[in-house]
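This report refers to the structure that appears directly beneath it.
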Amino acid sequence: MADYARVDLDAENQVTFELNGRQVSAPAGTMLVDACYAHGVEVPIFCYEPRIGPPVGACRMCLVEVEGMRGLQTACSTPVRPDMVVRTDSPAAKDGQEGVLEILLMNHPLDCPVCDKGGECPLQDRSFKFGGGKSRFFEGKRHFPKPLELSSRIALDQERCISCFRCVRFSQEVAQDGQLTMQERGVQSQITTFSGDAYEDRFTGNIIDVCPVGALTSIPYRFVARPWDITNTPSVCGLCPVGCNTELTLRDGDVKRVTGRPDPNYEVEEGWLCDVGRWGFDGDGGITRLTRAIVRDANGERHTDLTDAVAAATVALRGASKPVGVLLGATATVEEAAIALELAGGALAGARVARLGIPAAPLAALRATPRAQLDEIERADLVAVVGGDPGLAQPITELRMRKAVLRNGARLVTIGSRPGTLADVATHVHAAPGALTAAVAELAAQIGATGRPVVLWDEAELAAEPAAAEALAEAVSANGATRQIELGADVNGAGLRALGIPATGLLEALEAGELGALLTVRADPRSAPGRVAWEAALEGDVPVVALATHADRTTDAATVVIPVQSLLEQEGTLVSMTGRAQRVRRGAEGPAGAAPGWEVLIALGHHLGAPPAYRTASAALAAAGGRYAGIEGLTYDAMGVGGVELPRPAADHLAADAGPARAAGSDGLALVATRDVYGGREASRAPALAAFHAPAAATVSPATAAALDVTDADTVTLTSPYGAASLPVRIVDGLSDDAVFVTLGTADAAAEALMPPDRGPVRVGVSVEARR
Amino acid sequence: MTADQIREYLEPRRHEFADPRSLVLPALKFAQTGRGYLTREDMEAVAEATGYSASYVESVATFYDRVYTEPVGTRVVSVCVSMSCQLRGADQVWEALCDKEGVDHHHGGTSADGRITVQEAQCLGYCDRAACIQVDAEETQGPHTPDSARALVDELRAAPDPDEYWR
Amino acid sequence: MPLLNSVYRQREAGKPLVTLDDYRAAGGYQALPKVLAEMDPDDLQYEFMRSGLRGRGGAGFPMGKKASFLPKDSQRPKYVVCNADESEPGTFKDREIMEFNPFQLLEGITLAGYAIGAVRGYIYIRGEYEHQARVLDRAVAEARAAGLLGTGLFKSTFDFDITVYRGAGAYICGEETALLESLEGKRGQPRLKPPFPAVAGLYHSPTLINNVETLAALPPIVEKGADWYAGLGTEKSPGTKIFCVSGHVMRPGNYEIVLGETTLRELIFVHAGGLRPGRRVKAVWVGGSSVPPLGEQHLDTPLDYEALAAAGTMLGSGGCIVMDDSGSVVRTTLRLVTFYRHESCGKCSPCREGTSWMEKLLQRIVDGQAGPDDLEMLKALFGRISGRTLCPLAEGAVGPVRTALELFPDDWADALENGVPVPEPMLPVSS
Ligand SMILES: Cc1cc2nc3c(=O)[nH]c(=O)nc-3n(C[C@H](O)[C@H](O)[C@H](O)COP(=O)(O)O)c2cc1C
Ligand code: SF4
Ligand code: SF4
Ligand code: FES
Ligand code: FES
């Protein structure tokens, strides 16, 4: 349970003490509440939340008796001591706990029947378990205006608040956005923002999860469901490569809510979610969702059912006179990729399989160096971020880095062309695009000098600078204590690579006219980096069979479109950027006209006359686990609810997966593309995330704007060797000069048009298009 | 009050504190001397000058009785209502002033002409001069009776506005 | 009239000593050079310890012992913090020292700073004492100009300076950890202890926190010797203490007495001029509003820590509030609880919610709208608050009410029956 800290009962330095008459032990320094919980004794708590910070002792709920200490003690702030004698269930302790509950209910409205938290409320639960029945203090409760909209996503009912400070401490100390505070004093204390402004930031939803009462609730979830008509299922977020563990709340065959896991995965998200992960599901079933199959032929376009569509797909693929290409998108699951590979080895013999992503070769050596999970960041004394803007692209990593700095005093260094979202806590070492190698050399010296460095590196930016990647690989391995964490670009990039699938080769074969048909699985090459080249290559009469969840540029032009279930609707395995294989689970039922991607691929195998030997996703995975070294022995059982870490790839893994050697050229400005989860397609589909919706822009430093003679009222046309795009100008301080910053994954895919398929490096020319 | 003015005020004091957060309260008190209370813009200026979020600044401001985040009158008259003063007639003084200024007897308030705010104060540390009254942050005076208190506000109303509002 | 055995020089001199010259003329700034030249810090700490001086802020903890708790091997800078928040109802002694004898306080803080190896002292003064804060500002500036603060005091290697920091109206900031939070620029909410301020106080550094009256006692102790001080008063309550007498007495004011030598009766009737003719003592809160009241039967209790504890109350801050028999103790108790409700910082639930409910109940009793159940509820509430809060503020709200119920049953019975009318106040006595 997230409320209590993990306790390692096998660690050294155990302290033995007496708990309710039993001899038990816990590591020295463990807080009594946690030690009790580890031994099956629940001491009720409200304000204690070890993930947020050290105990504050505010609610006084956790009172216990400790022999020899005067009065009752708060177990959340009392560390275990050798031979202490603790009673959590003595009359005195029980009176203490009952008393505090009674006190807390004094001003509480007790409107559980209409409260969204009702049925899953720690205050309610603990009142039943530890309370003494009804409070004697009942009339004349304190009133506040209710409920307030704290933001477009969160409602605040101040009357229900028990002033545990958890939300405030989350905002101040975990997200460090500074926005939520306790104001006024005493019985008038209330949580609020500056002058009641909206609490808009990137991690706000977590305050709903930590609130032990119904004071903070999700507006999109208001009155949607009651605890007795929902079920919860553990899953994994499929919106970025971090792979935060989530819990899906289901009702009537639909996902109604996504929350952090009550039992967090400390190696990944530690129970926190970014607001896109939490509310992005909202757009999953939106208007662009594919609900029926489409077949386009000489007779035009028809909507049809799955059986018909699979048959049409079979015709298209079998009819090809040349080998077929199979293109896997970033969210294709391990199972889907494995089945695709099997088809390529049998039914579609000779097919060329590739993923939409970044070639692996330049990063192979770096990926082979000692790797860490995110919890290692907390133990580091130096945390270095090389390239990227993780707060936007791999959001949850930001919270770990902030924790490392604030709570553990780690030094945080960001190296690259922009300080990004960590600017307030990091030392930023500026490195212009293309100049990472020198900065990495400097970092190498610092790594040598500290005890436990962790280096986070951006996949896209280091792939674009192979020399820097190599230097970093060396720096990481030089000091035995250094660990690296990849800031991946693609959700399941690691899973697809683990199966040996390259990012290169397919487009080139298509361009050379060597392929007779293309099968895409959750891939939209026409919106991907290098999309202009893809469009050109698909110009001819190559039939395309697209398996997709939402309508996109590829499905708009495909011969056969087969709707598949989203990652909220079907089983599957994703491998996170830190190499964790984790399960997504079936939550929502999804549109009637869609099927699981893996099932569609198996059906294709059947139709093509070479059926795979399995019929379920789990069997597909087990079969793959027996075949591919990268996921050896992987099964659903092995993953459990928390996932397993896969072996690190060898230094020669996918060594041939390289794009054409190519210099960025020296004309124009360097193009820096960031995947911004908040500005991406998924977020823009979700009405709940409207506050994040912002138009794509060409962002430049003030100096660059001056040099270009543009203001943020202008629109510019960017031109690269690969394509062109026109975008409004935005001016931001602290960015590299002579560079243009763009966002990947936006609905218009403008940035992608400027890029080569392997994503970089690129330089762009800028011309002013229109003055607003 | 602008952030620059606040910075200028804080600058000579900065070296006295190992953590610049200690400057938040002095900054708030100083920012308040401009108008006698803090506007949203004042708090934003304090936030800018000290480097902490506006919400944080407001949370500190609202904790303290003598930092005002709502408008108050030109002069703030604090009537001590604690025990010693109560024993020596504070309730009567309070009633008299509330009546005179036409403000709520429960919470006090500001007179219609905006000149005088009457508010309750907890023990002002002048119990030897009970019942006592403090005007702004001037030295507390007493003993007061309803009559002398009424005369006091009359004097205040007639007096010119102060240049700075130390509360 | 100059006072015999006075520790505080403005009393000894019988006049304010607000300039450095005045203070010097009255014997000031003799202790500091002597100490810097002759004593090492540990000896000075030992001297404090031997004097038996106990903290005058309320808890009465031995000052020298507290100083000895500061770790000697800490790498962090150390600080002295002078608690000048004086907001306990009925207390106004620190005000007198700061206003009329600021240099004795500065010298005392400097001595304490030397004893613990501090780099700076802070005087945290309540916001309402702006007038006194200005006196201190001037005194600090004058002392600095005279080389009594700054670097290399009296040509020694000891560098020390003092900052006057103004609060802004919050009684809880008198609680030492809340004071530190406030001084650090935060909301003044108490911290969990341990760690104690001696180990991790201001900015996480070892910090010595003492009351104004405590620190101002140090120069005479050094000058006249710990033995002199320890020889005053009783063995466990040595020295003198200023009692602030207010309420229904003819001569309210500060009276410095030797501990153990004076009874409560003498304090009220000899020093403070007694009551109005025809009135009898009903209740006395001897140590500020946070201590349980005493009744007429306790008037012969000697004023020292032990005797007052034996009588069921505490010496506290020495804010002695006297109430005669002209009114009901119930109304005064309501006022007292209102104070704690208003001043509760809101951090911990039993105090935040409990003080507010106590006030509601008492208001109902005063309004004559309560029944006997309400008294039971009030008593039940004590148990829900007492011993369960984060800091002692709430204890200060519960104790006096509990004792008032015990000592004055008639007042409560009457209140339940009829409510409590507003009594005729005692009007100003011209003096
Ligand atoms: C609610 C509360 C208010 C307090 N207010 C004051 C105060 O105004 N002045 C003071 O010196 N001590 C006050 N104290 C006591 C301080 O916490 C602390 O014990 C004292 O400053 C230590 O100094 P001393 O040892 O010299 O007494 C207060 C304590 C509490 C719990
Ligand atoms: S809103 Fe919830 S989390 Fe925040 S202080 Fe209140 S009870 Fe605690
Ligand atoms: S007892 Fe009262 S003042 Fe003390 S911490 Fe708790 S709420 Fe704050
Ligand atoms: S959980 Fe221990 S005080 Fe709140
Ligand atoms: S009670 Fe009014 S000043 Fe102390």
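FYI, nothing fancy with the structure tokens labels: chains A, B, ... in order, residues from 1 per chain, ligands from 1 as they appear.
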
Handout entry: Within 8 Å of ligand 4 (only C-alpha atoms and all ligand atoms), residues as a list in words
Key = Pro44, Ile45, Phe46, Cys47, Tyr48, Glu49, Pro55, Val56, Gly57, Ala58, Cys59, Arg60, Met61, Cys62, Leu63, Thr74, Ala75, Cys76, Ser77 and Cys164 of chain A; Cys348 of chain C

Problem - Tyr37 in chain B surroundings by only C-alpha atoms, 8 Å radius, close-in-sequence under 5 positions cut, as a list in words - result: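 Listing them by chain and then by number gives Gln32, Val67, Tyr68, Thr69, Glu70, Pro71 and Val72 of chain B.
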
Neighbourhood of ligand 3 at 10 Å, counting only C-alpha atoms and all ligand atoms, reported as a compact mmCIF listing (two decimals) with all heavy atoms, in the first residue's frame:
# COMPACT_ATOMS: atom_id res chain seq x y z
N GLY A 57 3.60 14.76 11.37
CA GLY A 57 2.95 14.63 12.67
C GLY A 57 1.73 15.52 12.83
O GLY A 57 1.45 16.00 13.92
N ALA A 58 0.98 15.74 11.76
CA ALA A 58 -0.12 16.69 11.83
C ALA A 58 -1.44 16.07 12.25
O ALA A 58 -2.15 16.65 13.06
CB ALA A 58 -0.28 17.38 10.48
N CYS A 59 -1.78 14.91 11.70
CA CYS A 59 -3.15 14.43 11.94
C CYS A 59 -3.29 13.78 13.30
O CYS A 59 -4.37 13.74 13.85
CB CYS A 59 -3.57 13.48 10.83
SG CYS A 59 -2.79 11.86 10.92
N ARG A 60 -2.24 13.23 13.84
CA ARG A 60 -2.21 12.57 15.15
C ARG A 60 -3.01 11.28 15.15
O ARG A 60 -3.45 10.81 16.19
CB ARG A 60 -2.71 13.50 16.27
CG ARG A 60 -2.22 14.92 16.19
CD ARG A 60 -0.76 15.05 16.16
NE ARG A 60 -0.07 14.78 17.42
CZ ARG A 60 1.26 14.77 17.54
NH1 ARG A 60 2.03 15.00 16.48
NH2 ARG A 60 1.81 14.49 18.68
N ARG A 185 -5.24 30.23 8.97
CA ARG A 185 -4.63 29.61 10.14
C ARG A 185 -5.71 28.89 10.93
O ARG A 185 -6.89 29.21 10.82
CB ARG A 185 -4.00 30.72 10.99
CG ARG A 185 -3.14 30.26 12.11
CD ARG A 185 -2.43 31.43 12.76
NE ARG A 185 -3.31 32.22 13.59
CZ ARG A 185 -3.04 33.46 13.99
NH1 ARG A 185 -1.93 34.05 13.61
NH2 ARG A 185 -3.88 34.11 14.76
N GLY A 186 -5.28 27.94 11.75
CA GLY A 186 -6.20 27.30 12.67
C GLY A 186 -7.36 26.64 11.97
O GLY A 186 -7.22 26.06 10.89
N VAL A 187 -8.53 26.77 12.58
CA VAL A 187 -9.69 26.06 12.07
C VAL A 187 -10.14 26.64 10.73
O VAL A 187 -10.89 26.03 10.00
CB VAL A 187 -10.81 26.08 13.14
CG1 VAL A 187 -11.48 27.44 13.21
CG2 VAL A 187 -11.81 24.97 12.91
N TYR C 171 0.54 34.17 17.91
CA TYR C 171 1.00 33.71 19.23
C TYR C 171 1.84 32.44 19.12
O TYR C 171 2.83 32.28 19.83
CB TYR C 171 -0.22 33.46 20.11
CG TYR C 171 0.02 32.67 21.37
CD1 TYR C 171 0.82 33.17 22.40
CD2 TYR C 171 -0.58 31.42 21.55
CE1 TYR C 171 1.01 32.44 23.57
CE2 TYR C 171 -0.38 30.69 22.73
CZ TYR C 171 0.42 31.20 23.72
OH TYR C 171 0.60 30.49 24.88
N ILE C 172 1.46 31.57 18.21
CA ILE C 172 2.14 30.27 18.13
C ILE C 172 3.63 30.45 17.83
O ILE C 172 4.45 29.60 18.13
CB ILE C 172 1.46 29.36 17.09
CG1 ILE C 172 2.04 27.93 17.11
CG2 ILE C 172 1.55 29.92 15.69
CD1 ILE C 172 1.92 27.24 18.44
N CYS C 173 3.99 31.58 17.24
CA CYS C 173 5.40 31.81 16.93
C CYS C 173 6.24 31.99 18.19
O CYS C 173 7.46 32.12 18.12
CB CYS C 173 5.57 32.98 15.98
SG CYS C 173 4.87 32.62 14.37
N GLU C 175 6.18 29.54 20.38
CA GLU C 175 6.63 28.16 20.55
C GLU C 175 7.92 28.05 19.77
O GLU C 175 7.99 28.46 18.61
CB GLU C 175 5.56 27.19 20.07
CG GLU C 175 5.76 25.75 20.49
CD GLU C 175 6.81 25.01 19.67
OE1 GLU C 175 7.01 25.38 18.49
OE2 GLU C 175 7.46 24.10 20.20
N THR C 177 9.81 25.95 18.06
CA THR C 177 10.01 25.45 16.69
C THR C 177 9.16 26.22 15.69
O THR C 177 9.56 26.39 14.53
CB THR C 177 9.71 23.95 16.60
OG1 THR C 177 8.36 23.70 16.99
CG2 THR C 177 10.65 23.14 17.48
N ALA C 178 8.00 26.69 16.13
CA ALA C 178 7.19 27.53 15.26
C ALA C 178 7.93 28.84 15.00
O ALA C 178 7.92 29.37 13.89
CB ALA C 178 5.83 27.81 15.88
N GLY C 188 4.24 29.88 10.59
CA GLY C 188 4.77 29.52 11.90
C GLY C 188 4.08 28.32 12.50
O GLY C 188 3.31 28.44 13.44
N GLN C 189 4.35 27.16 11.96
CA GLN C 189 3.76 25.95 12.50
C GLN C 189 4.83 25.11 13.16
O GLN C 189 5.91 24.92 12.59
CB GLN C 189 3.05 25.17 11.40
CG GLN C 189 1.87 25.97 10.85
CD GLN C 189 1.05 25.23 9.84
OE1 GLN C 189 1.59 24.55 8.98
NE2 GLN C 189 -0.26 25.36 9.94
N PRO C 190 4.55 24.60 14.35
CA PRO C 190 5.58 23.86 15.09
C PRO C 190 6.10 22.65 14.31
O PRO C 190 5.41 22.08 13.47
CB PRO C 190 4.83 23.38 16.34
CG PRO C 190 3.73 24.36 16.52
CD PRO C 190 3.32 24.75 15.13
N ARG C 191 7.33 22.30 14.61
CA ARG C 191 7.94 21.13 13.99
C ARG C 191 7.80 19.94 14.93
O ARG C 191 7.64 20.10 16.12
CB ARG C 191 9.44 21.36 13.79
CG ARG C 191 9.78 22.53 12.93
CD ARG C 191 11.31 22.70 12.91
NE ARG C 191 11.68 23.84 12.09
CZ ARG C 191 12.91 24.34 12.04
NH1 ARG C 191 13.88 23.81 12.79
NH2 ARG C 191 13.18 25.38 11.27
N LEU C 192 7.94 18.79 14.33
CA LEU C 192 8.05 17.58 15.13
C LEU C 192 9.37 17.63 15.87
O LEU C 192 10.38 18.06 15.32
CB LEU C 192 8.10 16.37 14.21
CG LEU C 192 6.82 15.66 13.82
CD1 LEU C 192 7.17 14.58 12.82
CD2 LEU C 192 6.15 15.06 15.02
N TYR C 340 -7.12 30.73 22.26
CA TYR C 340 -6.41 29.55 21.72
C TYR C 340 -7.00 29.09 20.40
O TYR C 340 -6.28 28.63 19.53
CB TYR C 340 -6.37 28.43 22.76
CG TYR C 340 -5.49 28.84 23.92
CD1 TYR C 340 -6.02 29.36 25.08
CD2 TYR C 340 -4.11 28.79 23.78
CE1 TYR C 340 -5.21 29.81 26.10
CE2 TYR C 340 -3.29 29.24 24.80
CZ TYR C 340 -3.84 29.75 25.96
OH TYR C 340 -3.02 30.20 26.94
N ARG C 341 -8.31 29.23 20.27
CA ARG C 341 -8.92 28.88 18.98
C ARG C 341 -8.35 29.81 17.90
O ARG C 341 -7.96 29.38 16.84
CB ARG C 341 -10.44 29.02 19.07
CG ARG C 341 -11.18 28.46 17.86
CD ARG C 341 -11.47 29.50 16.81
NE ARG C 341 -12.23 30.62 17.37
CZ ARG C 341 -12.09 31.87 16.97
NH1 ARG C 341 -11.25 32.20 16.01
NH2 ARG C 341 -12.79 32.84 17.53
N HIS C 342 -8.27 31.08 18.24
CA HIS C 342 -7.77 32.05 17.27
C HIS C 342 -6.30 31.79 16.94
O HIS C 342 -5.85 32.00 15.82
CB HIS C 342 -7.93 33.47 17.83
CG HIS C 342 -7.47 34.54 16.89
ND1 HIS C 342 -8.26 35.01 15.88
CD2 HIS C 342 -6.31 35.22 16.80
CE1 HIS C 342 -7.61 35.94 15.21
NE2 HIS C 342 -6.41 36.09 15.75
N GLU C 343 -5.55 31.35 17.93
CA GLU C 343 -4.11 31.23 17.74
C GLU C 343 -3.65 29.83 17.34
O GLU C 343 -2.48 29.63 17.01
CB GLU C 343 -3.38 31.66 19.01
CG GLU C 343 -3.65 33.12 19.40
CD GLU C 343 -3.16 34.12 18.35
OE1 GLU C 343 -2.36 33.73 17.48
OE2 GLU C 343 -3.60 35.28 18.38
N SER C 344 -4.53 28.85 17.40
CA SER C 344 -4.15 27.50 16.96
C SER C 344 -3.62 27.60 15.54
O SER C 344 -4.23 28.23 14.69
CB SER C 344 -5.38 26.59 16.98
OG SER C 344 -5.09 25.40 16.26
N CYS C 345 -2.48 27.00 15.32
CA CYS C 345 -1.88 27.16 14.00
C CYS C 345 -2.61 26.33 12.96
O CYS C 345 -2.47 26.55 11.78
CB CYS C 345 -0.40 26.80 14.04
SG CYS C 345 -0.09 25.03 14.00
N GLY C 346 -3.32 25.31 13.42
CA GLY C 346 -4.08 24.49 12.48
C GLY C 346 -3.32 23.30 11.96
O GLY C 346 -3.82 22.56 11.11
N LYS C 347 -2.14 23.08 12.46
CA LYS C 347 -1.38 21.96 11.91
C LYS C 347 -1.93 20.62 12.40
O LYS C 347 -2.10 19.70 11.63
CB LYS C 347 0.11 22.09 12.28
CG LYS C 347 0.95 20.96 11.68
CD LYS C 347 2.43 21.26 11.80
CE LYS C 347 3.28 20.12 11.25
NZ LYS C 347 4.71 20.37 11.37
N CYS C 348 -2.16 20.52 13.70
CA CYS C 348 -2.58 19.20 14.17
C CYS C 348 -4.06 19.18 14.52
O CYS C 348 -4.61 20.15 15.02
CB CYS C 348 -1.69 18.71 15.31
SG CYS C 348 -1.94 19.49 16.88
N SER C 349 -4.70 18.05 14.22
CA SER C 349 -6.15 18.01 14.29
C SER C 349 -6.74 18.22 15.69
O SER C 349 -7.73 18.93 15.80
CB SER C 349 -6.71 16.72 13.69
OG SER C 349 -5.73 15.88 13.24
N PRO C 350 -6.20 17.59 16.74
CA PRO C 350 -6.89 17.76 18.02
C PRO C 350 -6.98 19.21 18.45
O PRO C 350 -8.01 19.64 18.99
CB PRO C 350 -6.02 16.95 18.99
CG PRO C 350 -5.25 16.00 18.14
CD PRO C 350 -5.03 16.71 16.86
N CYS C 351 -5.96 19.99 18.20
CA CYS C 351 -5.97 21.39 18.60
C CYS C 351 -6.83 22.20 17.65
O CYS C 351 -7.67 22.99 18.08
CB CYS C 351 -4.53 21.91 18.62
SG CYS C 351 -4.37 23.68 18.81
N ARG C 352 -6.63 21.99 16.35
CA ARG C 352 -7.37 22.78 15.37
C ARG C 352 -8.88 22.62 15.57
O ARG C 352 -9.62 23.59 15.67
CB ARG C 352 -6.98 22.35 13.96
CG ARG C 352 -7.69 23.10 12.86
CD ARG C 352 -7.34 22.54 11.49
NE ARG C 352 -7.79 21.17 11.33
CZ ARG C 352 -6.99 20.13 11.12
NH1 ARG C 352 -5.70 20.30 11.00
NH2 ARG C 352 -7.49 18.91 11.01
N GLU C 353 -9.33 21.39 15.63
CA GLU C 353 -10.76 21.14 15.75
C GLU C 353 -11.22 21.29 17.20
O GLU C 353 -12.29 21.82 17.47
CB GLU C 353 -11.09 19.72 15.25
CG GLU C 353 -10.52 19.39 13.87
CD GLU C 353 -11.16 20.19 12.76
OE1 GLU C 353 -12.31 20.61 12.92
OE2 GLU C 353 -10.48 20.42 11.73
N GLY C 354 -10.37 20.80 18.11
CA GLY C 354 -10.78 20.76 19.52
C GLY C 354 -10.98 22.14 20.12
O GLY C 354 -11.97 22.38 20.83
N THR C 355 -10.06 23.08 19.86
CA THR C 355 -10.22 24.40 20.46
C THR C 355 -11.48 25.07 19.92
O THR C 355 -12.19 25.77 20.63
CB THR C 355 -9.00 25.30 20.16
OG1 THR C 355 -8.73 25.27 18.77
CG2 THR C 355 -7.78 24.84 20.92
N ILE C 385 -8.10 16.01 23.43
CA ILE C 385 -7.08 16.97 23.00
C ILE C 385 -5.79 16.77 23.78
O ILE C 385 -4.71 16.62 23.21
CB ILE C 385 -7.59 18.42 23.24
CG1 ILE C 385 -8.91 18.66 22.48
CG2 ILE C 385 -6.54 19.43 22.81
CD1 ILE C 385 -9.57 19.98 22.82
N SER C 386 -5.96 16.71 25.08
CA SER C 386 -4.81 16.70 25.96
C SER C 386 -3.89 15.50 25.70
O SER C 386 -4.36 14.37 25.57
CB SER C 386 -5.32 16.67 27.40
OG SER C 386 -4.23 16.67 28.28
N GLY C 387 -2.62 15.78 25.60
CA GLY C 387 -1.64 14.70 25.40
C GLY C 387 -1.58 14.19 23.99
O GLY C 387 -0.87 13.24 23.69
N ARG C 388 -2.32 14.79 23.07
CA ARG C 388 -2.37 14.24 21.73
C ARG C 388 -1.96 15.22 20.66
O ARG C 388 -2.07 14.94 19.47
CB ARG C 388 -3.80 13.77 21.45
CG ARG C 388 -4.01 12.48 22.19
CD ARG C 388 -5.40 12.24 22.53
NE ARG C 388 -5.43 11.12 23.47
CZ ARG C 388 -6.49 10.36 23.64
NH1 ARG C 388 -7.56 10.57 22.94
NH2 ARG C 388 -6.44 9.39 24.51
N THR C 389 -1.52 16.37 21.07
CA THR C 389 -1.22 17.38 20.07
C THR C 389 0.27 17.42 19.79
O THR C 389 1.08 16.81 20.47
CB THR C 389 -1.69 18.77 20.54
OG1 THR C 389 -1.10 19.02 21.82
CG2 THR C 389 -3.19 18.82 20.67
N LEU C 390 0.58 18.17 18.75
CA LEU C 390 1.96 18.26 18.32
C LEU C 390 2.76 19.19 19.22
O LEU C 390 3.94 18.98 19.47
CB LEU C 390 1.97 18.79 16.88
CG LEU C 390 3.30 19.05 16.21
CD1 LEU C 390 4.09 17.75 16.11
CD2 LEU C 390 3.09 19.62 14.83
N CYS C 391 2.14 20.23 19.70
CA CYS C 391 2.86 21.18 20.54
C CYS C 391 2.02 21.51 21.75
O CYS C 391 0.86 21.14 21.82
CB CYS C 391 3.21 22.44 19.73
SG CYS C 391 1.98 23.74 19.83
N PRO C 392 2.56 22.20 22.72
CA PRO C 392 1.81 22.41 23.97
C PRO C 392 0.74 23.49 23.92
O PRO C 392 0.09 23.71 24.93
CB PRO C 392 2.91 22.82 24.97
CG PRO C 392 4.21 22.60 24.28
CD PRO C 392 3.95 22.65 22.83
N LEU C 393 0.53 24.13 22.79
CA LEU C 393 -0.47 25.20 22.77
C LEU C 393 -1.83 24.71 23.26
O LEU C 393 -2.49 25.34 24.09
CB LEU C 393 -0.61 25.81 21.37
CG LEU C 393 -1.66 26.93 21.26
CD1 LEU C 393 -1.14 28.08 20.43
CD2 LEU C 393 -2.99 26.46 20.71
N ALA C 394 -2.23 23.56 22.74
CA ALA C 394 -3.57 23.08 23.07
C ALA C 394 -3.67 22.73 24.55
O ALA C 394 -4.72 22.88 25.17
CB ALA C 394 -3.90 21.87 22.20
N GLU C 395 -2.56 22.25 25.10
CA GLU C 395 -2.52 21.94 26.52
C GLU C 395 -2.84 23.20 27.31
O GLU C 395 -3.51 23.16 28.34
CB GLU C 395 -1.12 21.45 26.87
CG GLU C 395 -1.07 20.29 27.83
CD GLU C 395 -1.69 19.03 27.25
OE1 GLU C 395 -1.17 18.50 26.26
OE2 GLU C 395 -2.72 18.62 27.80
N GLY C 396 -2.36 24.32 26.80
CA GLY C 396 -2.61 25.60 27.45
C GLY C 396 -4.07 26.00 27.39
O GLY C 396 -4.55 26.80 28.20
N ALA C 397 -4.77 25.46 26.41
CA ALA C 397 -6.20 25.76 26.33
C ALA C 397 -7.00 24.84 27.23
O ALA C 397 -8.00 25.24 27.80
CB ALA C 397 -6.67 25.62 24.88

Practice task
Name each residue within 7 Å of ligand 1, counting only C-alpha atoms and all ligand atoms, as a PyMOL selection string.
Solution key: chain C and resi 54-63+83-88+171-176+209-212+214-215+391-393

Which residues of chain A come within 8 Å of ligand 2, and what is each one's closest atom pair and distance in Å (one decimal), counting only C-alpha atoms and all ligand atoms, sorted by chain and residue number, as CSV?
residue,atom,partner,partner_atom_place_in_ligand_line,distance
A:Phe46,CA,ligand 2,8 (Fe),7.8
A:Cys47,CA,ligand 2,8 (Fe),7.0
A:Leu156,CA,ligand 2,1 (S),7.0
A:Asp157,CA,ligand 2,1 (S),7.6
A:Gln158,CA,ligand 2,1 (S),6.8
A:Arg160,CA,ligand 2,7 (S),7.0
A:Cys161,CA,ligand 2,6 (Fe),3.7
A:Ile162,CA,ligand 2,7 (S),4.3
A:Ser163,CA,ligand 2,5 (S),3.8
A:Cys164,CA,ligand 2,8 (Fe),3.9
A:Phe165,CA,ligand 2,5 (S),3.9
A:Arg166,CA,ligand 2,3 (S),4.4
A:Cys167,CA,ligand 2,4 (Fe),4.2
A:Val168,CA,ligand 2,4 (Fe),6.1
A:Met182,CA,ligand 2,5 (S),7.8
A:Gln190,CA,ligand 2,6 (Fe),7.6
A:Ile191,CA,ligand 2,5 (S),6.4
A:Ile207,CA,ligand 2,3 (S),6.3
A:Ile208,CA,ligand 2,3 (S),7.3
A:Val210,CA,ligand 2,3 (S),5.8
A:Cys211,CA,ligand 2,3 (S),3.5
A:Pro212,CA,ligand 2,7 (S),5.7
A:Val213,CA,ligand 2,7 (S),5.4
A:Gly214,CA,ligand 2,2 (Fe),6.9
A:Ala215,CA,ligand 2,1 (S),4.8
A:Leu216,CA,ligand 2,1 (S),5.4

Exercise for the section: Within 6 Å of ligand 5, which residues show up when you count only C-alpha atoms and all ligand atoms? List them as a ChimeraX atom specification, please. Expected result: /B:80-85,123-127,130,132 /C:89-90
